[in-house]
$ cat target.cif   # mmCIF, C-alpha atoms
data_start
#
loop_
_atom_site.group_PDB
_atom_site.id
_atom_site.type_symbol
_atom_site.label_atom_id
_atom_site.label_comp_id
_atom_site.auth_asym_id
_atom_site.auth_seq_id
_atom_site.Cartn_x
_atom_site.Cartn_y
_atom_site.Cartn_z
ATOM 1 C CA MET A 1 0.000 0.000 0.000
ATOM 2 C CA ASN A 2 3.043 2.291 0.104
ATOM 3 C CA LEU A 3 2.462 3.543 -3.460
ATOM 4 C CA LEU A 4 4.053 6.607 -4.993
ATOM 5 C CA ARG A 5 1.470 6.762 -7.779
ATOM 6 C CA ILE A 6 -1.549 4.886 -9.095
ATOM 7 C CA ILE A 7 -3.673 5.513 -12.182
ATOM 8 C CA LEU A 8 -7.436 5.279 -11.821
ATOM 9 C CA GLY A 9 -8.991 4.591 -15.206
ATOM 10 C CA SER A 10 -12.459 6.005 -14.633
ATOM 11 C CA ARG A 11 -14.825 8.863 -15.422
ATOM 12 C CA SER A 12 -16.610 8.409 -12.103
ATOM 13 C CA PRO A 13 -15.990 11.023 -9.392
ATOM 14 C CA ARG A 14 -17.433 8.527 -6.904
ATOM 15 C CA ARG A 15 -14.665 6.003 -7.641
ATOM 16 C CA GLN A 16 -12.047 8.692 -7.186
ATOM 17 C CA GLU A 17 -13.564 9.687 -3.840
ATOM 18 C CA LEU A 18 -13.661 6.070 -2.698
ATOM 19 C CA LEU A 19 -10.082 5.323 -3.734
ATOM 20 C CA SER A 20 -8.932 8.428 -1.852
ATOM 21 C CA GLN A 21 -10.180 6.748 1.323
ATOM 22 C CA LEU A 22 -7.466 4.125 0.864
ATOM 23 C CA LEU A 23 -4.707 6.258 -0.657
ATOM 24 C CA PRO A 24 -3.693 9.930 -0.477
ATOM 25 C CA GLU A 25 -5.238 12.017 -3.237
ATOM 26 C CA THR A 26 -1.733 13.168 -4.193
ATOM 27 C CA VAL A 27 -0.791 9.682 -5.482
ATOM 28 C CA ILE A 28 -3.971 9.178 -7.547
ATOM 29 C CA GLU A 29 -3.880 10.160 -11.210
ATOM 30 C CA VAL A 30 -7.184 9.929 -13.085
ATOM 31 C CA VAL A 31 -6.984 8.847 -16.730
ATOM 32 C CA PRO A 32 -10.426 8.002 -18.176
ATOM 33 C CA PRO A 33 -10.613 5.383 -20.934
ATOM 34 C CA ALA A 34 -10.484 7.049 -24.348
ATOM 35 C CA ASP A 35 -13.326 4.911 -25.705
ATOM 36 C CA PRO A 36 -16.611 5.504 -23.836
ATOM 37 C CA GLU A 37 -18.374 2.634 -25.617
ATOM 38 C CA GLU A 38 -18.791 -0.655 -23.736
ATOM 39 C CA PRO A 39 -20.349 -3.974 -24.719
ATOM 40 C CA GLY A 40 -23.727 -4.645 -23.164
ATOM 41 C CA PHE A 41 -25.379 -7.542 -21.362
ATOM 42 C CA GLU A 42 -28.641 -7.701 -23.324
ATOM 43 C CA ASP A 43 -28.406 -11.360 -24.334
ATOM 44 C CA LEU A 44 -26.716 -12.621 -21.173
ATOM 45 C CA HIS A 45 -28.937 -14.215 -18.549
ATOM 46 C CA ASP A 46 -26.784 -16.631 -16.572
ATOM 47 C CA ARG A 47 -24.276 -15.820 -13.868
ATOM 48 C CA ASP A 48 -21.152 -17.206 -15.572
ATOM 49 C CA ALA A 49 -21.756 -15.317 -18.819
ATOM 50 C CA ILE A 50 -22.436 -12.087 -16.918
ATOM 51 C CA HIS A 51 -19.260 -12.546 -14.860
ATOM 52 C CA ARG A 52 -17.167 -13.095 -18.007
ATOM 53 C CA GLN A 53 -18.582 -9.991 -19.662
ATOM 54 C CA LEU A 54 -18.006 -7.879 -16.556
ATOM 55 C CA ILE A 55 -14.364 -8.965 -16.335
ATOM 56 C CA SER A 56 -13.966 -8.362 -20.066
ATOM 57 C CA ILE A 57 -15.264 -4.792 -19.717
ATOM 58 C CA CYS A 58 -13.035 -3.772 -16.797
ATOM 59 C CA THR A 59 -10.026 -5.452 -18.454
ATOM 60 C CA ALA A 60 -10.700 -3.617 -21.735
ATOM 61 C CA LYS A 61 -10.864 -0.318 -19.827
ATOM 62 C CA ASN A 62 -7.520 -1.146 -18.252
ATOM 63 C CA GLU A 63 -5.952 -1.953 -21.623
ATOM 64 C CA ASP A 64 -7.298 1.329 -23.041
ATOM 65 C CA VAL A 65 -5.613 3.349 -20.279
ATOM 66 C CA PHE A 66 -2.462 1.184 -20.507
ATOM 67 C CA GLN A 67 -2.099 2.072 -24.187
ATOM 68 C CA GLN A 68 -2.716 5.766 -23.444
ATOM 69 C CA ARG A 69 0.241 5.557 -21.056
ATOM 70 C CA HIS A 70 2.402 4.069 -23.817
ATOM 71 C CA ALA A 71 2.343 0.610 -22.245
ATOM 72 C CA ASP A 72 4.173 1.834 -19.154
ATOM 73 C CA THR A 73 4.062 -1.006 -16.619
ATOM 74 C CA SER A 74 5.792 0.861 -13.788
ATOM 75 C CA VAL A 75 2.631 2.549 -12.448
ATOM 76 C CA PRO A 76 -0.362 0.451 -11.297
ATOM 77 C CA ILE A 77 -3.568 0.952 -13.295
ATOM 78 C CA LEU A 78 -6.929 0.333 -11.619
ATOM 79 C CA THR A 79 -10.225 0.045 -13.495
ATOM 80 C CA ALA A 80 -13.711 -1.119 -12.522
ATOM 81 C CA ASP A 81 -17.252 -1.577 -13.798
ATOM 82 C CA THR A 82 -20.434 -1.870 -11.712
ATOM 83 C CA ILE A 83 -23.790 -3.445 -12.620
ATOM 84 C CA GLY A 84 -27.023 -4.424 -10.908
ATOM 85 C CA ILE A 85 -28.585 -7.852 -11.453
ATOM 86 C CA ALA A 86 -32.220 -8.781 -10.880
ATOM 87 C CA LYS A 87 -33.906 -12.174 -11.123
ATOM 88 C CA ARG A 88 -37.100 -12.145 -13.151
ATOM 89 C CA GLU A 89 -40.090 -14.468 -12.662
ATOM 90 C CA SER A 90 -38.863 -16.562 -15.600
ATOM 91 C CA GLY A 91 -35.743 -17.342 -13.584
ATOM 92 C CA ASP A 92 -33.529 -15.368 -15.953
ATOM 93 C CA LEU A 93 -30.997 -12.941 -14.567
ATOM 94 C CA VAL A 94 -31.227 -9.459 -16.067
ATOM 95 C CA VAL A 95 -28.471 -6.849 -15.903
ATOM 96 C CA LEU A 96 -29.670 -3.357 -15.017
ATOM 97 C CA GLY A 97 -27.113 -0.802 -16.127
ATOM 98 C CA GLN A 98 -27.586 2.948 -16.288
ATOM 99 C CA PRO A 99 -31.030 4.275 -17.249
ATOM 100 C CA PRO A 100 -31.384 4.883 -20.993
ATOM 101 C CA ASP A 101 -30.419 8.307 -22.303
ATOM 102 C CA GLN A 102 -33.950 8.954 -23.550
ATOM 103 C CA PRO A 103 -36.862 11.207 -22.508
ATOM 104 C CA ASP A 104 -38.794 8.231 -21.100
ATOM 105 C CA TRP A 105 -35.960 7.052 -18.813
ATOM 106 C CA GLN A 106 -38.245 7.422 -15.787
ATOM 107 C CA GLU A 107 -40.520 4.648 -17.059
ATOM 108 C CA THR A 108 -37.571 2.262 -17.237
ATOM 109 C CA VAL A 109 -36.418 3.091 -13.717
ATOM 110 C CA LYS A 110 -39.998 2.844 -12.393
ATOM 111 C CA GLN A 111 -40.224 -0.661 -13.855
ATOM 112 C CA TRP A 112 -36.942 -1.654 -12.198
ATOM 113 C CA PHE A 113 -38.054 -0.355 -8.810
ATOM 114 C CA LEU A 114 -41.524 -1.904 -8.830
ATOM 115 C CA GLU A 115 -40.827 -5.200 -10.600
ATOM 116 C CA ASP A 116 -37.199 -5.971 -9.735
ATOM 117 C CA TYR A 117 -36.427 -4.198 -6.455
ATOM 118 C CA ALA A 118 -39.488 -3.683 -4.243
ATOM 119 C CA GLY A 119 -39.715 -6.383 -1.575
ATOM 120 C CA LYS A 120 -36.889 -8.322 -3.196
ATOM 121 C CA THR A 121 -33.130 -8.794 -3.011
ATOM 122 C CA HIS A 122 -30.994 -7.930 -6.024
ATOM 123 C CA LEU A 123 -27.261 -8.140 -6.601
ATOM 124 C CA VAL A 124 -24.694 -5.431 -7.271
ATOM 125 C CA LEU A 125 -21.481 -6.642 -8.888
ATOM 126 C CA THR A 126 -18.273 -4.738 -9.556
ATOM 127 C CA GLY A 127 -15.521 -6.137 -11.709
ATOM 128 C CA VAL A 128 -12.080 -4.813 -10.744
ATOM 129 C CA CYS A 129 -8.884 -5.000 -12.811
ATOM 130 C CA LEU A 130 -5.439 -4.054 -11.485
ATOM 131 C CA ARG A 131 -2.359 -4.041 -13.716
ATOM 132 C CA HIS A 132 1.196 -3.633 -12.395
ATOM 133 C CA HIS A 133 4.423 -4.692 -14.079
ATOM 134 C CA GLN A 134 3.566 -7.932 -15.884
ATOM 135 C CA ARG A 135 0.658 -8.900 -13.624
ATOM 136 C CA VAL A 136 -3.006 -8.325 -14.398
ATOM 137 C CA LEU A 137 -5.315 -9.189 -11.496
ATOM 138 C CA THR A 138 -9.100 -9.366 -11.824
ATOM 139 C CA GLN A 139 -11.785 -9.932 -9.240
ATOM 140 C CA ILE A 140 -15.555 -9.530 -8.820
ATOM 141 C CA ALA A 141 -17.163 -8.191 -5.652
ATOM 142 C CA GLU A 142 -20.815 -9.012 -4.938
ATOM 143 C CA THR A 143 -23.287 -7.321 -2.602
ATOM 144 C CA GLN A 144 -26.899 -8.284 -1.897
ATOM 145 C CA VAL A 145 -29.291 -5.341 -1.586
ATOM 146 C CA THR A 146 -32.835 -5.749 -0.238
ATOM 147 C CA PHE A 147 -35.482 -3.048 -0.764
ATOM 148 C CA TYR A 148 -38.558 -2.314 1.336
ATOM 149 C CA ASP A 149 -41.922 -3.641 0.147
ATOM 150 C CA GLN A 150 -44.057 -2.533 -2.798
ATOM 151 C CA GLU A 151 -46.268 -0.184 -0.795
ATOM 152 C CA TYR A 152 -43.289 1.624 0.708
ATOM 153 C CA VAL A 153 -41.451 1.947 -2.606
ATOM 154 C CA ARG A 154 -44.511 3.035 -4.596
ATOM 155 C CA ALA A 155 -45.346 5.803 -2.092
ATOM 156 C CA ARG A 156 -41.910 7.405 -2.533
ATOM 157 C CA LEU A 157 -40.987 6.557 -6.113
ATOM 158 C CA ASP A 158 -42.428 9.585 -7.961
ATOM 159 C CA TRP A 159 -40.605 11.919 -5.586
ATOM 160 C CA TYR A 160 -37.342 10.002 -6.091
ATOM 161 C CA LEU A 161 -37.642 10.084 -9.876
ATOM 162 C CA SER A 162 -38.205 13.863 -9.696
ATOM 163 C CA THR A 163 -34.760 14.277 -8.098
ATOM 164 C CA GLN A 164 -33.185 12.766 -11.273
ATOM 165 C CA GLU A 165 -30.591 11.084 -9.075
ATOM 166 C CA SER A 166 -31.118 7.898 -11.108
ATOM 167 C CA LEU A 167 -29.404 9.345 -14.181
ATOM 168 C CA GLY A 168 -25.952 7.926 -14.766
ATOM 169 C CA LYS A 169 -26.266 5.457 -11.867
ATOM 170 C CA ALA A 170 -25.882 1.713 -12.322
ATOM 171 C CA GLY A 171 -29.226 0.168 -11.477
ATOM 172 C CA GLY A 172 -30.903 3.585 -11.411
ATOM 173 C CA TYR A 173 -30.236 4.582 -7.800
ATOM 174 C CA ALA A 174 -27.487 5.952 -5.561
ATOM 175 C CA ILE A 175 -27.200 4.168 -2.233
ATOM 176 C CA GLN A 176 -24.942 6.980 -0.975
ATOM 177 C CA GLY A 177 -27.673 9.505 -1.804
ATOM 178 C CA ALA A 178 -31.445 9.759 -1.636
ATOM 179 C CA GLY A 179 -31.754 6.216 -3.002
ATOM 180 C CA SER A 180 -30.760 4.939 0.420
ATOM 181 C CA ILE A 181 -34.329 5.494 1.680
ATOM 182 C CA PHE A 182 -35.464 2.392 -0.234
ATOM 183 C CA VAL A 183 -32.799 0.052 1.164
ATOM 184 C CA LYS A 184 -33.884 -2.218 3.978
ATOM 185 C CA ARG A 185 -30.714 -4.307 4.219
ATOM 186 C CA ILE A 186 -27.394 -4.922 2.507
ATOM 187 C CA GLU A 187 -25.154 -7.951 2.808
ATOM 188 C CA GLY A 188 -21.598 -7.370 1.685
ATOM 189 C CA SER A 189 -19.605 -4.300 0.746
ATOM 190 C CA LEU A 190 -21.384 -0.935 0.870
ATOM 191 C CA SER A 191 -18.647 0.761 -1.160
ATOM 192 C CA ASN A 192 -19.207 -1.879 -3.851
ATOM 193 C CA VAL A 193 -22.754 -0.580 -4.346
ATOM 194 C CA VAL A 194 -21.395 2.967 -4.608
ATOM 195 C CA GLY A 195 -18.987 1.844 -7.346
ATOM 196 C CA LEU A 196 -15.671 0.594 -5.949
ATOM 197 C CA PRO A 197 -15.361 -2.262 -3.423
ATOM 198 C CA LEU A 198 -12.691 -0.952 -1.073
ATOM 199 C CA GLU A 199 -12.164 -4.305 0.630
ATOM 200 C CA THR A 200 -11.409 -5.955 -2.719
ATOM 201 C CA VAL A 201 -9.161 -3.116 -3.910
ATOM 202 C CA PHE A 202 -7.244 -3.122 -0.617
ATOM 203 C CA GLU A 203 -6.608 -6.862 -0.952
ATOM 204 C CA MET A 204 -5.543 -6.566 -4.614
ATOM 205 C CA LEU A 205 -3.171 -3.668 -3.917
ATOM 206 C CA ASN A 206 -1.507 -5.625 -1.120
ATOM 207 C CA ARG A 207 -1.092 -8.608 -3.413
#
$ encode --input "target.cif" --output "structure tokens"
Amino acid sequence: MNLLRIILGSRSPRRQELLSQLLPETVIEVVPPADPEEPGFEDLHDRDAIHRQLISICTAKNEDVFQQRHADTSVPILTADTIGIAKRESGDLVVLGQPPDQPDWQETVKQWFLEDYAGKTHLVLTGVCLRHHQRVLTQIAETQVTFYDQEYVRARLDWYLSTQESLGKAGGYAIQGAGSIFVKRIEGSLSNVVGLPLETVFEMLNR
């Protein structure tokens, strides 16, 4: 953990804030991936396939930043990607990313809250990739998040959507913000739900 410098490959201010809880801000250099496009999860409905795609995305982000730095292996590069996963009545797993960038985004988030979250437990997964010298480490952190029941969620949902906090958030809510009012219980890493599992990153950095 006695690092002189680390590169965080991310556009997320939340990940930068979280990483600064482990390391001094003076050693963190932020270099966002040059390519904002990422493959999706639309046709993936089983856990193994979703895990592989998540690792592929955070590894591709790491490679993007690595090439921007002219393949310099002397400075660690950390990248991550966070998704929400709900289990539908059919038994299929469905990945809930960020709300669509469309005028009717609220309808999508409302569906997630009422059909996938209310009174149920969903998963939040973050894939983490750390590159240093010739080593590339990857790991997935998983947190279970349980929401209050349908009646509770429905009574507060229109107000929450009016805050527009859902925009740009994986799964359509921010557990570190107003979205926390819907959460009855979490099992696992809280920082993972925010966007960077500090326990996992701490372990990987020490390795």
$ closest_residue --input "target.cif" --among "A:Glu25, A:Ile83, A:Val136, A:Gly119" --to "Asn62 (chain A)" --atoms "only C-alpha atoms"
A:Val136
$ residues_around --input "target.cif" --residues "Gln67 (chain A)" --least-positions-apart "5" --cutoff "10 Å" --atoms "all atoms listed in the file" --output "list in words"
Pro33, Ala34, Asn62 and Asp72 of chain A
$ residues_around --input "target.cif" --residues "region 196-200 of chain A" --least-positions-apart "6" --cutoff "9 Å" --atoms "only C-alpha atoms" --output "ChimeraX atom specification"
/A:14-16,18-19,21-22,80-82,126-128,139-142,189-190
$ write_last_selection --input "target.cif" --atoms "C-alpha atoms" --output "compact mmCIF listing (two decimals), in the frame of the given file"
# COMPACT_ATOMS: atom_id res chain seq x y z
CA ARG A 14 -17.43 8.53 -6.90
CA ARG A 15 -14.66 6.00 -7.64
CA GLN A 16 -12.05 8.69 -7.19
CA LEU A 18 -13.66 6.07 -2.70
CA LEU A 19 -10.08 5.32 -3.73
CA GLN A 21 -10.18 6.75 1.32
CA LEU A 22 -7.47 4.12 0.86
CA ALA A 80 -13.71 -1.12 -12.52
CA ASP A 81 -17.25 -1.58 -13.80
CA THR A 82 -20.43 -1.87 -11.71
CA THR A 126 -18.27 -4.74 -9.56
CA GLY A 127 -15.52 -6.14 -11.71
CA VAL A 128 -12.08 -4.81 -10.74
CA GLN A 139 -11.78 -9.93 -9.24
CA ILE A 140 -15.56 -9.53 -8.82
CA ALA A 141 -17.16 -8.19 -5.65
CA GLU A 142 -20.82 -9.01 -4.94
CA SER A 189 -19.60 -4.30 0.75
CA LEU A 190 -21.38 -0.94 0.87
$ atom_distance --input "target.cif" --atom1 "CA of Thr59 (chain A)" --atom2 "CA of Leu4 (chain A)"
22.9 Å
$ resolve_selection --input "target.cif" --expression "the PyMOL selection byres ((chain A and resi 6) around 6)" --output "list of chain:residue names"
A:Arg5, A:Ile7, A:Ile28, A:Val75, A:Pro76
$ write_last_selection --input "target.cif" --atoms "C-alpha atoms" --output "PDB file, keeping the file's coordinate frame"
ATOM      1  CA  ARG A   5       1.470   6.762  -7.779  1.00  0.00           C
ATOM      2  CA  ILE A   7      -3.673   5.513 -12.182  1.00  0.00           C
ATOM      3  CA  ILE A  28      -3.971   9.178  -7.547  1.00  0.00           C
ATOM      4  CA  VAL A  75       2.631   2.549 -12.448  1.00  0.00           C
ATOM      5  CA  PRO A  76      -0.362   0.451 -11.297  1.00  0.00           C
TER       6      PRO A  76
END
$ residues_around --input "target.cif" --residues "Leu8 (chain A)" --least-positions-apart "6" --cutoff "8 Å" --atoms "all atoms listed in the file" --output "number ranges by chain"
A: 16, 28-32, 77-79
$ write_last_selection --input "target.cif" --atoms "C-alpha atoms" --output "tab-separated table (two decimals), keeping the file's coordinate frame"
chain	number	residue	atom	x	y	z
A	16	GLN	CA	-12.05	8.69	-7.19
A	28	ILE	CA	-3.97	9.18	-7.55
A	29	GLU	CA	-3.88	10.16	-11.21
A	30	VAL	CA	-7.18	9.93	-13.08
A	31	VAL	CA	-6.98	8.85	-16.73
A	32	PRO	CA	-10.43	8.00	-18.18
A	77	ILE	CA	-3.57	0.95	-13.30
A	78	LEU	CA	-6.93	0.33	-11.62
A	79	THR	CA	-10.22	0.04	-13.50
$ closest_residue --input "target.cif" --among "A:Leu167, A:Ala71, A:Leu205, A:Ile175" --to "Pro99 (chain A)" --atoms "only C-alpha atoms"
A:Leu167
$ resolve_selection --input "target.cif" --expression "the PyMOL selection byres ((chain A and resi 102-105) around 10)" --output "list of chain:residue names"
A:Gln98, A:Pro99, A:Pro100, A:Asp101, A:Gln106, A:Glu107, A:Thr108, A:Val109, A:Lys110, A:Leu161, A:Gln164, A:Ser166, A:Leu167, A:Gly172
$ atom_distance --input "target.cif" --atom1 "CA of Ser12 (chain A)" --atom2 "CA of Arg154 (chain A)"
29.4 Å
$ atom_distance --input "target.cif" --atom1 "CA of Ser56 (chain A)" --atom2 "CA of Gly188 (chain A)"
23.1 Å
$ residues_near_point --input "target.cif" --point "(-43.2, -3.4, -4.9)" --cutoff "8 Å" --atoms "only C-alpha atoms" --output "list in words"
Phe113, Leu114, Glu115, Tyr117, Ala118, Gly119, Tyr148, Asp149, Gln150, Glu151, Tyr152, Val153 and Arg154 of chain A
$ closest_residue --input "target.cif" --among "A:Glu42, A:Asp64, A:Asp92, A:Glu165" --to "Ser10 (chain A)" --atoms "all atoms listed in the file"
A:Asp64
$ resolve_selection --input "target.cif" --expression "the PyMOL selection byres ((chain A and resi 145) around 9)" --output "ChimeraX atom specification"
/A:117,120-124,143-144,146-147,183-188,193
$ residues_near_point --input "target.cif" --point "(-30.6, -9.0, -19.2)" --cutoff "9 Å" --atoms "only C-alpha atoms" --output "ChimeraX atom specification"
/A:41-46,85-86,92-96
$ closest_residue --input "target.cif" --among "A:Arg11, A:Pro36, A:Phe66, A:Val27" --to "Arg131 (chain A)" --atoms "all atoms listed in the file"
A:Phe66
